[in-house]
Each structure stands twice: as structure tokens, then as C-alpha cells.
Amino acid sequence: MDYNLHILIVEDELLIAEMLKDMLIDMEYKVVGIAKNFQSGIDLLQQKKEINFAILDINLNETHTGFDMANTLRELSIPFVFLTSYSDKKTIQDALVYHPNAFLIKPFSTVDLYTTLEIVKKSKKQTSKFVIIKDGHLNVKLAVSSILWIKSENVYIEVVTNEKTYLVRTSLDKFLEELDDKCIMRIHRSYLINLNHISD
């Protein structure tokens, strides 16, 4: 992953979004875009392929929240930080389900932002794990973190993500060996699960 950070800001309060953008630019980070809601965030992700990090307000004052955006980012293996005015136990517990890389509590200082991003950069320097699978006539590079579970069906396996289910001709044993990831656990002779997607 490119750690020159190319950052997407998803924040419905324009003043906060602009302040955050100015702070990031002063720190010499590249702000790729500002989205005021879920849909504009999705549009920017589709248009700006260089986005490799996001700062998400949890409460976007609409049907879709920062949690919905977090799901999309996890599918794309893009790390993110939650931005919120709430630091109560319930909000934090709800947010932890989405595995953010950090939290920023409003109001925050330049030092808070700098420290958060430096910690994220250091923790994410490990290379993201991928697996190559066959999808029809295409070879697909699939992030291991995007896999929810895998089910064995005779000589095929179903690799399930939030966005798509892939049918791959291989054995469960062989696929597990290729993954070589401690987060993928066998719970049954026909099933593997990704522990990072389990809440209880």
C-alpha cells in the first residue's frame, strides 16, 4: 500500500471537513476529496482509484452512516479512522465491530490528528494479504480481509464476500494452505470463517 496517504474525508459538516483538510495539507498529506454523505463517498471511491485511506464521520445525518461506508472500505482493504463527537461506551463498542484503525474524538487538535495518522501508518506498514482466485476466465486478486466465509461444495468452494460469491474449483484444504492466515479458521469440515468478521 502507498503510504503517501491519499485521503478521503467523509464528513457532513462542511466547516469541520474544510478544517480537517487544511490540517492534513499542512502535514503534507494529499486530500483526494471531501464527501458530505455516503453516496458522494462511494462516487469518489469509484472515481479516485488512488484513495488509500479515509476519515469517516460516524453520524452523517442520513439513512446511511459512517458504518455503511466502513463496510465498503473494508471490502476494498482501505484503512480508515472514525471521527465522532461521542465517546460513550455504546458508540465505541458499535464502532469496534467495523475494525477501524483508530478513533478521532471531536473536537480534536493538530497533535491528535498527527499522532493518530502516525500510529496508523506504522501499524499498516505490513503488506496486506491477497489470494489469487479464478473467476470465470479472469484471475482475481482478492484481499483475504474481504473474505467472510468459505464453504466446500464437492470439488468446488464458495468464497463469500459482502459484494460477491466466487465459485472456485479447488479443495478446502488446498485453499486454506494457500491463505496461510491465522484469521481464517476452520470450524467444520466444510466451512472456513474469517474471525475478523465475527462479533459473537
# chains A, B, ... in the order shown; residues from 1 in each chain; ligands from 1
$ residues_around --residues "segment 150-158 of chain A" --least-positions-apart "5" --cutoff "9 Å" --atoms "only C-alpha atoms" --output "JSON, numbers by chain"
{"A": [165, 166, 167, 168, 169, 170, 171, 172, 175, 189, 190, 191, 192, 193, 194]}
$ write_last_selection --atoms "N, CA and C atoms" --output "PDB file, in the first residue's frame"
ATOM      1  N   THR A 165     -20.023 -13.641  -4.350  1.00  0.00           N
ATOM      2  CA  THR A 165     -19.630 -15.008  -4.006  1.00  0.00           C
ATOM      3  C   THR A 165     -18.914 -15.614  -5.215  1.00  0.00           C
ATOM      4  N   TYR A 166     -17.697 -16.095  -4.989  1.00  0.00           N
ATOM      5  CA  TYR A 166     -16.892 -16.677  -6.062  1.00  0.00           C
ATOM      6  C   TYR A 166     -16.943 -18.201  -5.963  1.00  0.00           C
ATOM      7  N   LEU A 167     -17.107 -18.855  -7.084  1.00  0.00           N
ATOM      8  CA  LEU A 167     -17.099 -20.315  -7.142  1.00  0.00           C
ATOM      9  C   LEU A 167     -15.757 -20.754  -7.721  1.00  0.00           C
ATOM     10  N   VAL A 168     -14.977 -21.477  -6.920  1.00  0.00           N
ATOM     11  CA  VAL A 168     -13.604 -21.815  -7.297  1.00  0.00           C
ATOM     12  C   VAL A 168     -13.432 -23.330  -7.267  1.00  0.00           C
ATOM     13  N   ARG A 169     -12.821 -23.872  -8.311  1.00  0.00           N
ATOM     14  CA  ARG A 169     -12.575 -25.319  -8.362  1.00  0.00           C
ATOM     15  C   ARG A 169     -11.280 -25.634  -7.617  1.00  0.00           C
ATOM     16  N   THR A 170     -11.403 -26.007  -6.376  1.00  0.00           N
ATOM     17  CA  THR A 170     -10.269 -26.400  -5.534  1.00  0.00           C
ATOM     18  C   THR A 170     -10.824 -27.048  -4.277  1.00  0.00           C
ATOM     19  N   SER A 171      -9.942 -27.608  -3.476  1.00  0.00           N
ATOM     20  CA  SER A 171     -10.381 -28.204  -2.218  1.00  0.00           C
ATOM     21  C   SER A 171     -10.243 -27.192  -1.087  1.00  0.00           C
ATOM     22  N   LEU A 172     -10.998 -27.408  -0.023  1.00  0.00           N
ATOM     23  CA  LEU A 172     -10.929 -26.526   1.137  1.00  0.00           C
ATOM     24  C   LEU A 172      -9.530 -26.588   1.771  1.00  0.00           C
ATOM     25  N   PHE A 175      -7.042 -24.594  -0.356  1.00  0.00           N
ATOM     26  CA  PHE A 175      -7.285 -23.150  -0.266  1.00  0.00           C
ATOM     27  C   PHE A 175      -6.807 -22.602   1.075  1.00  0.00           C
ATOM     28  N   ARG A 189     -15.800 -29.407   8.721  1.00  0.00           N
ATOM     29  CA  ARG A 189     -15.071 -29.977   7.575  1.00  0.00           C
ATOM     30  C   ARG A 189     -15.411 -29.284   6.261  1.00  0.00           C
ATOM     31  N   SER A 190     -16.559 -28.560   6.238  1.00  0.00           N
ATOM     32  CA  SER A 190     -16.976 -27.886   5.010  1.00  0.00           C
ATOM     33  C   SER A 190     -16.918 -26.365   5.082  1.00  0.00           C
ATOM     34  N   TYR A 191     -16.482 -25.802   6.207  1.00  0.00           N
ATOM     35  CA  TYR A 191     -16.534 -24.342   6.367  1.00  0.00           C
ATOM     36  C   TYR A 191     -15.253 -23.753   6.956  1.00  0.00           C
ATOM     37  N   LEU A 192     -14.842 -22.610   6.381  1.00  0.00           N
ATOM     38  CA  LEU A 192     -13.834 -21.740   6.967  1.00  0.00           C
ATOM     39  C   LEU A 192     -14.507 -20.396   7.247  1.00  0.00           C
ATOM     40  N   ILE A 193     -14.083 -19.715   8.310  1.00  0.00           N
ATOM     41  CA  ILE A 193     -14.618 -18.387   8.589  1.00  0.00           C
ATOM     42  C   ILE A 193     -13.477 -17.416   8.847  1.00  0.00           C
ATOM     43  N   ASN A 194     -13.757 -16.136   8.599  1.00  0.00           N
ATOM     44  CA  ASN A 194     -12.802 -15.070   8.897  1.00  0.00           C
ATOM     45  C   ASN A 194     -13.142 -14.504  10.272  1.00  0.00           C
TER      46      ASN A 194
END
$ residues_around --residues "Leu83 of chain A" --least-positions-apart "2" --cutoff "12 Å" --atoms "only C-alpha atoms" --output "number ranges by chain"
A: 9-13, 16-17, 20, 54-60, 65-67, 70, 80-81, 85-87, 91-92, 95, 100-108, 112-113, 116
$ write_last_selection --atoms "N, CA and C atoms" --output "mmCIF file, in the first residue's frame"
data_model
loop_
_atom_site.group_PDB
_atom_site.id
_atom_site.type_symbol
_atom_site.label_atom_id
_atom_site.label_comp_id
_atom_site.auth_asym_id
_atom_site.auth_seq_id
_atom_site.Cartn_x
_atom_site.Cartn_y
_atom_site.Cartn_z
ATOM 1 N N ILE A 9 -12.116 12.262 2.905
ATOM 2 C CA ILE A 9 -12.818 12.736 4.103
ATOM 3 C C ILE A 9 -14.314 12.580 3.867
ATOM 4 N N VAL A 10 -14.995 11.888 4.779
ATOM 5 C CA VAL A 10 -16.458 11.769 4.706
ATOM 6 C C VAL A 10 -17.022 12.445 5.955
ATOM 7 N N GLU A 11 -17.545 13.640 5.778
ATOM 8 C CA GLU A 11 -17.992 14.481 6.898
ATOM 9 C C GLU A 11 -19.100 15.404 6.400
ATOM 10 N N ASP A 12 -20.264 15.376 7.077
ATOM 11 C CA ASP A 12 -21.396 16.172 6.611
ATOM 12 C C ASP A 12 -21.347 17.635 7.057
ATOM 13 N N GLU A 13 -20.486 17.956 8.012
ATOM 14 C CA GLU A 13 -20.346 19.354 8.440
ATOM 15 C C GLU A 13 -19.186 19.980 7.678
ATOM 16 N N ILE A 16 -16.090 21.548 9.511
ATOM 17 C CA ILE A 16 -15.176 20.554 10.079
ATOM 18 C C ILE A 16 -14.368 19.883 8.969
ATOM 19 N N ALA A 17 -15.038 19.562 7.859
ATOM 20 C CA ALA A 17 -14.359 18.909 6.737
ATOM 21 C C ALA A 17 -13.242 19.791 6.177
ATOM 22 N N LEU A 20 -10.355 20.033 8.679
ATOM 23 C CA LEU A 20 -9.600 18.786 8.631
ATOM 24 C C LEU A 20 -8.711 18.740 7.388
ATOM 25 N N ALA A 54 -9.120 6.728 4.651
ATOM 26 C CA ALA A 54 -10.316 7.561 4.809
ATOM 27 C C ALA A 54 -10.507 7.964 6.267
ATOM 28 N N ILE A 55 -11.084 9.139 6.440
ATOM 29 C CA ILE A 55 -11.512 9.612 7.757
ATOM 30 C C ILE A 55 -13.023 9.763 7.682
ATOM 31 N N LEU A 56 -13.748 9.010 8.517
ATOM 32 C CA LEU A 56 -15.201 8.896 8.411
ATOM 33 C C LEU A 56 -15.909 9.443 9.639
ATOM 34 N N ASP A 57 -16.807 10.387 9.429
ATOM 35 C CA ASP A 57 -17.717 10.781 10.499
ATOM 36 C C ASP A 57 -18.728 9.649 10.660
ATOM 37 N N ILE A 58 -18.995 9.239 11.881
ATOM 38 C CA ILE A 58 -19.955 8.153 12.105
ATOM 39 C C ILE A 58 -21.376 8.609 11.794
ATOM 40 N N ASN A 59 -21.750 9.789 12.279
ATOM 41 C CA ASN A 59 -23.110 10.294 12.097
ATOM 42 C C ASN A 59 -23.158 11.234 10.903
ATOM 43 N N LEU A 60 -23.782 10.780 9.798
ATOM 44 C CA LEU A 60 -23.862 11.588 8.587
ATOM 45 C C LEU A 60 -25.239 12.222 8.396
ATOM 46 N N THR A 65 -24.853 5.645 7.318
ATOM 47 C CA THR A 65 -23.930 6.227 8.298
ATOM 48 C C THR A 65 -22.480 5.950 7.900
ATOM 49 N N GLY A 66 -21.582 6.429 8.735
ATOM 50 C CA GLY A 66 -20.173 6.108 8.534
ATOM 51 C C GLY A 66 -19.908 4.617 8.635
ATOM 52 N N PHE A 67 -20.766 3.897 9.362
ATOM 53 C CA PHE A 67 -20.619 2.442 9.456
ATOM 54 C C PHE A 67 -20.828 1.782 8.087
ATOM 55 N N ALA A 70 -17.802 2.324 6.148
ATOM 56 C CA ALA A 70 -16.741 1.467 6.666
ATOM 57 C C ALA A 70 -16.816 0.069 6.053
ATOM 58 N N PHE A 80 -9.177 3.006 7.642
ATOM 59 C CA PHE A 80 -9.940 4.221 7.934
ATOM 60 C C PHE A 80 -9.926 4.520 9.425
ATOM 61 N N VAL A 81 -10.224 5.780 9.735
ATOM 62 C CA VAL A 81 -10.357 6.260 11.105
ATOM 63 C C VAL A 81 -11.773 6.782 11.271
ATOM 64 N N SER A 85 -18.286 12.734 17.647
ATOM 65 C CA SER A 85 -18.432 13.629 18.810
ATOM 66 C C SER A 85 -18.733 12.830 20.066
ATOM 67 N N TYR A 86 -19.029 11.538 19.889
ATOM 68 C CA TYR A 86 -19.463 10.702 21.011
ATOM 69 C C TYR A 86 -18.359 9.754 21.433
ATOM 70 N N SER A 87 -18.088 9.721 22.725
ATOM 71 C CA SER A 87 -17.075 8.801 23.238
ATOM 72 C C SER A 87 -17.660 7.867 24.287
ATOM 73 N N THR A 91 -21.265 3.768 21.717
ATOM 74 C CA THR A 91 -20.768 4.216 20.414
ATOM 75 C C THR A 91 -19.453 3.530 20.072
ATOM 76 N N ILE A 92 -18.548 3.473 21.033
ATOM 77 C CA ILE A 92 -17.253 2.846 20.791
ATOM 78 C C ILE A 92 -17.411 1.353 20.500
ATOM 79 N N ALA A 95 -18.798 0.860 17.058
ATOM 80 C CA ALA A 95 -17.802 1.183 16.037
ATOM 81 C C ALA A 95 -16.734 0.099 15.915
ATOM 82 N N PRO A 100 -12.075 -0.250 12.891
ATOM 83 C CA PRO A 100 -11.361 0.967 12.458
ATOM 84 C C PRO A 100 -9.899 0.898 12.888
ATOM 85 N N ASN A 101 -9.057 1.646 12.217
ATOM 86 C CA ASN A 101 -7.647 1.688 12.596
ATOM 87 C C ASN A 101 -7.399 2.618 13.772
ATOM 88 N N ALA A 102 -8.348 3.523 14.020
ATOM 89 C CA ALA A 102 -8.237 4.439 15.158
ATOM 90 C C ALA A 102 -9.527 5.244 15.270
ATOM 91 N N PHE A 103 -9.618 6.054 16.347
ATOM 92 C CA PHE A 103 -10.733 6.982 16.548
ATOM 93 C C PHE A 103 -10.178 8.393 16.711
ATOM 94 N N LEU A 104 -10.918 9.364 16.209
ATOM 95 C CA LEU A 104 -10.664 10.768 16.496
ATOM 96 C C LEU A 104 -11.922 11.330 17.141
ATOM 97 N N ILE A 105 -11.784 11.858 18.337
ATOM 98 C CA ILE A 105 -12.937 12.412 19.048
ATOM 99 C C ILE A 105 -12.967 13.924 18.842
ATOM 100 N N LYS A 106 -14.112 14.439 18.377
ATOM 101 C CA LYS A 106 -14.279 15.892 18.215
ATOM 102 C C LYS A 106 -14.507 16.535 19.585
ATOM 103 N N PRO A 107 -13.979 17.714 19.828
ATOM 104 C CA PRO A 107 -13.023 18.438 18.971
ATOM 105 C C PRO A 107 -11.621 17.847 19.124
ATOM 106 N N PHE A 108 -10.849 17.871 18.067
ATOM 107 C CA PHE A 108 -9.501 17.317 18.095
ATOM 108 C C PHE A 108 -8.498 18.394 17.704
ATOM 109 N N ASP A 112 -3.486 15.690 17.971
ATOM 110 C CA ASP A 112 -4.313 14.477 17.977
ATOM 111 C C ASP A 112 -4.318 13.833 16.590
ATOM 112 N N LEU A 113 -4.533 14.657 15.575
ATOM 113 C CA LEU A 113 -4.611 14.154 14.199
ATOM 114 C C LEU A 113 -3.266 13.578 13.755
ATOM 115 N N THR A 116 -2.529 10.244 15.543
ATOM 116 C CA THR A 116 -3.393 9.176 15.022
ATOM 117 C C THR A 116 -2.876 8.655 13.690
#
$ select_by_dssp --residues "chain A" --states "strand (DSSP E or B)" --output "PyMOL selection string"
chain A and resi 6-10+30-35+53-57+80-84+102-105+130-135+138-143+147-153+156-161+165-169+184-188+191-194
$ write_last_selection --atoms "C-alpha atoms" --output "compact mmCIF listing (two decimals), in the first residue's frame"
# COMPACT_ATOMS: atom_id res chain seq x y z
CA HIS A 6 -4.21 9.77 -0.30
CA ILE A 7 -7.12 10.61 1.95
CA LEU A 8 -10.89 10.66 1.53
CA ILE A 9 -12.82 12.74 4.10
CA VAL A 10 -16.46 11.77 4.71
CA LYS A 30 -2.86 14.59 -0.01
CA VAL A 31 -6.62 15.05 0.40
CA VAL A 32 -8.22 13.43 -2.64
CA GLY A 33 -11.75 14.58 -1.89
CA ILE A 34 -14.44 15.54 0.60
CA ALA A 35 -17.79 13.73 0.67
CA PHE A 53 -7.13 5.97 3.46
CA ALA A 54 -10.32 7.56 4.81
CA ILE A 55 -11.51 9.61 7.76
CA LEU A 56 -15.20 8.90 8.41
CA ASP A 57 -17.72 10.78 10.50
CA PHE A 80 -9.94 4.22 7.93
CA VAL A 81 -10.36 6.26 11.11
CA PHE A 82 -13.73 7.02 12.68
CA LEU A 83 -14.48 10.63 13.55
CA THR A 84 -17.15 11.20 16.20
CA ALA A 102 -8.24 4.44 15.16
CA PHE A 103 -10.73 6.98 16.55
CA LEU A 104 -10.66 10.77 16.50
CA ILE A 105 -12.94 12.41 19.05
CA PHE A 130 -4.14 -11.31 -1.03
CA VAL A 131 -5.11 -14.55 -2.70
CA ILE A 132 -5.49 -15.12 -6.45
CA ILE A 133 -8.66 -16.96 -7.43
CA LYS A 134 -10.17 -17.92 -10.76
CA ASP A 135 -13.46 -16.17 -11.62
CA LEU A 138 -10.34 -13.98 -15.06
CA ASN A 139 -7.76 -14.24 -12.30
CA VAL A 140 -8.98 -12.07 -9.41
CA LYS A 141 -6.70 -10.61 -6.74
CA LEU A 142 -8.86 -10.87 -3.62
CA ALA A 143 -7.92 -9.34 -0.26
CA ILE A 147 -13.50 -12.85 2.81
CA LEU A 148 -16.42 -13.55 5.17
CA TRP A 149 -16.52 -17.34 4.95
CA ILE A 150 -15.74 -20.23 2.61
CA LYS A 151 -17.95 -23.25 2.00
CA SER A 152 -16.96 -26.53 0.40
CA GLU A 153 -19.29 -27.94 -2.30
CA TYR A 156 -15.71 -26.56 -5.62
CA ILE A 157 -15.59 -23.98 -2.85
CA GLU A 158 -17.74 -20.86 -2.46
CA VAL A 159 -15.68 -17.83 -1.37
CA VAL A 160 -18.14 -15.34 0.12
CA THR A 161 -17.55 -11.57 0.45
CA THR A 165 -19.63 -15.01 -4.01
CA TYR A 166 -16.89 -16.68 -6.06
CA LEU A 167 -17.10 -20.32 -7.14
CA VAL A 168 -13.60 -21.81 -7.30
CA ARG A 169 -12.58 -25.32 -8.36
CA ILE A 184 -9.13 -17.77 8.68
CA MET A 185 -10.32 -20.60 10.91
CA ARG A 186 -11.79 -24.00 10.10
CA ILE A 187 -14.96 -24.57 12.13
CA HIS A 188 -16.34 -27.58 10.22
CA TYR A 191 -16.53 -24.34 6.37
CA LEU A 192 -13.83 -21.74 6.97
CA ILE A 193 -14.62 -18.39 8.59
CA ASN A 194 -12.80 -15.07 8.90
$ atom_distance --atom1 "atom CA of Thr63 of chain A" --atom2 "atom CA of Asp43 of chain A"
16.9 Å
$ atom_distance --atom1 "atom CA of Gln47 of chain A" --atom2 "atom CA of Glu28 of chain A"
22.3 Å
$ select_by_dssp --residues "segment 4-48 of chain A" --states "helix (DSSP H, G or I)" --output "list in words"
Leu14, Leu15, Ile16, Ala17, Glu18, Met19, Leu20, Lys21, Asp22, Met23, Leu24, Ile25, Asp26, Phe38, Gln39, Ser40, Gly41, Ile42, Asp43, Leu44, Leu45, Gln46 and Gln47 of chain A
$ write_last_selection --atoms "N, CA and C atoms" --output "short mmCIF file (atom, residue, chain, number, x, y, z; two decimals), in the first residue's frame"
data_model
loop_
_atom_site.label_atom_id
_atom_site.label_comp_id
_atom_site.auth_asym_id
_atom_site.auth_seq_id
_atom_site.Cartn_x
_atom_site.Cartn_y
_atom_site.Cartn_z
N LEU A 14 -19.51 20.89 6.76
CA LEU A 14 -18.52 21.44 5.84
C LEU A 14 -17.37 22.14 6.55
N LEU A 15 -17.68 22.89 7.62
CA LEU A 15 -16.63 23.61 8.33
C LEU A 15 -15.59 22.65 8.93
N ILE A 16 -16.09 21.55 9.51
CA ILE A 16 -15.18 20.55 10.08
C ILE A 16 -14.37 19.88 8.97
N ALA A 17 -15.04 19.56 7.86
CA ALA A 17 -14.36 18.91 6.74
C ALA A 17 -13.24 19.79 6.18
N GLU A 18 -13.53 21.08 6.03
CA GLU A 18 -12.53 22.01 5.48
C GLU A 18 -11.38 22.22 6.46
N MET A 19 -11.70 22.29 7.76
CA MET A 19 -10.67 22.43 8.77
C MET A 19 -9.74 21.21 8.76
N LEU A 20 -10.35 20.03 8.68
CA LEU A 20 -9.60 18.79 8.63
C LEU A 20 -8.71 18.74 7.39
N LYS A 21 -9.26 19.15 6.26
CA LYS A 21 -8.50 19.18 5.01
C LYS A 21 -7.28 20.10 5.14
N ASP A 22 -7.47 21.29 5.70
CA ASP A 22 -6.36 22.24 5.86
C ASP A 22 -5.28 21.68 6.78
N MET A 23 -5.70 21.01 7.86
CA MET A 23 -4.74 20.42 8.78
C MET A 23 -3.92 19.33 8.09
N LEU A 24 -4.59 18.51 7.30
CA LEU A 24 -3.91 17.42 6.60
C LEU A 24 -2.93 17.95 5.56
N ILE A 25 -3.34 18.98 4.82
CA ILE A 25 -2.47 19.57 3.81
C ILE A 25 -1.24 20.19 4.47
N ASP A 26 -1.44 20.85 5.62
CA ASP A 26 -0.31 21.42 6.37
C ASP A 26 0.68 20.33 6.79
N PHE A 38 -22.88 9.38 2.26
CA PHE A 38 -22.47 8.04 1.84
C PHE A 38 -22.32 7.95 0.32
N GLN A 39 -23.32 8.40 -0.42
CA GLN A 39 -23.31 8.24 -1.87
C GLN A 39 -22.18 9.01 -2.52
N SER A 40 -21.93 10.24 -2.06
CA SER A 40 -20.83 11.00 -2.65
C SER A 40 -19.48 10.36 -2.29
N GLY A 41 -19.43 9.71 -1.14
CA GLY A 41 -18.22 8.96 -0.77
C GLY A 41 -17.99 7.79 -1.71
N ILE A 42 -19.05 7.05 -2.01
CA ILE A 42 -18.96 5.93 -2.95
C ILE A 42 -18.52 6.42 -4.33
N ASP A 43 -19.11 7.54 -4.77
CA ASP A 43 -18.76 8.11 -6.08
C ASP A 43 -17.28 8.46 -6.15
N LEU A 44 -16.75 9.06 -5.09
CA LEU A 44 -15.33 9.42 -5.07
C LEU A 44 -14.44 8.19 -5.08
N LEU A 45 -14.84 7.14 -4.36
CA LEU A 45 -14.06 5.89 -4.36
C LEU A 45 -13.97 5.29 -5.76
N GLN A 46 -15.07 5.42 -6.51
CA GLN A 46 -15.09 4.89 -7.88
C GLN A 46 -14.28 5.74 -8.84
N GLN A 47 -14.27 7.05 -8.59
CA GLN A 47 -13.59 7.98 -9.50
C GLN A 47 -12.10 8.10 -9.20
#
$ closest_residue --among "A:Glu178, A:Asp94, A:Asp173, A:Glu163" --to "Ser199 of chain A" --atoms "only C-alpha atoms"
A:Asp94
$ closest_residue --among "A:Asn196, A:Leu96, A:Met27, A:Lys129" --to "Val111 of chain A" --atoms "only C-alpha atoms"
A:Met27
$ atom_distance --atom1 "atom CA of His137 of chain A" --atom2 "atom CA of Asn52 of chain A"
28.1 Å
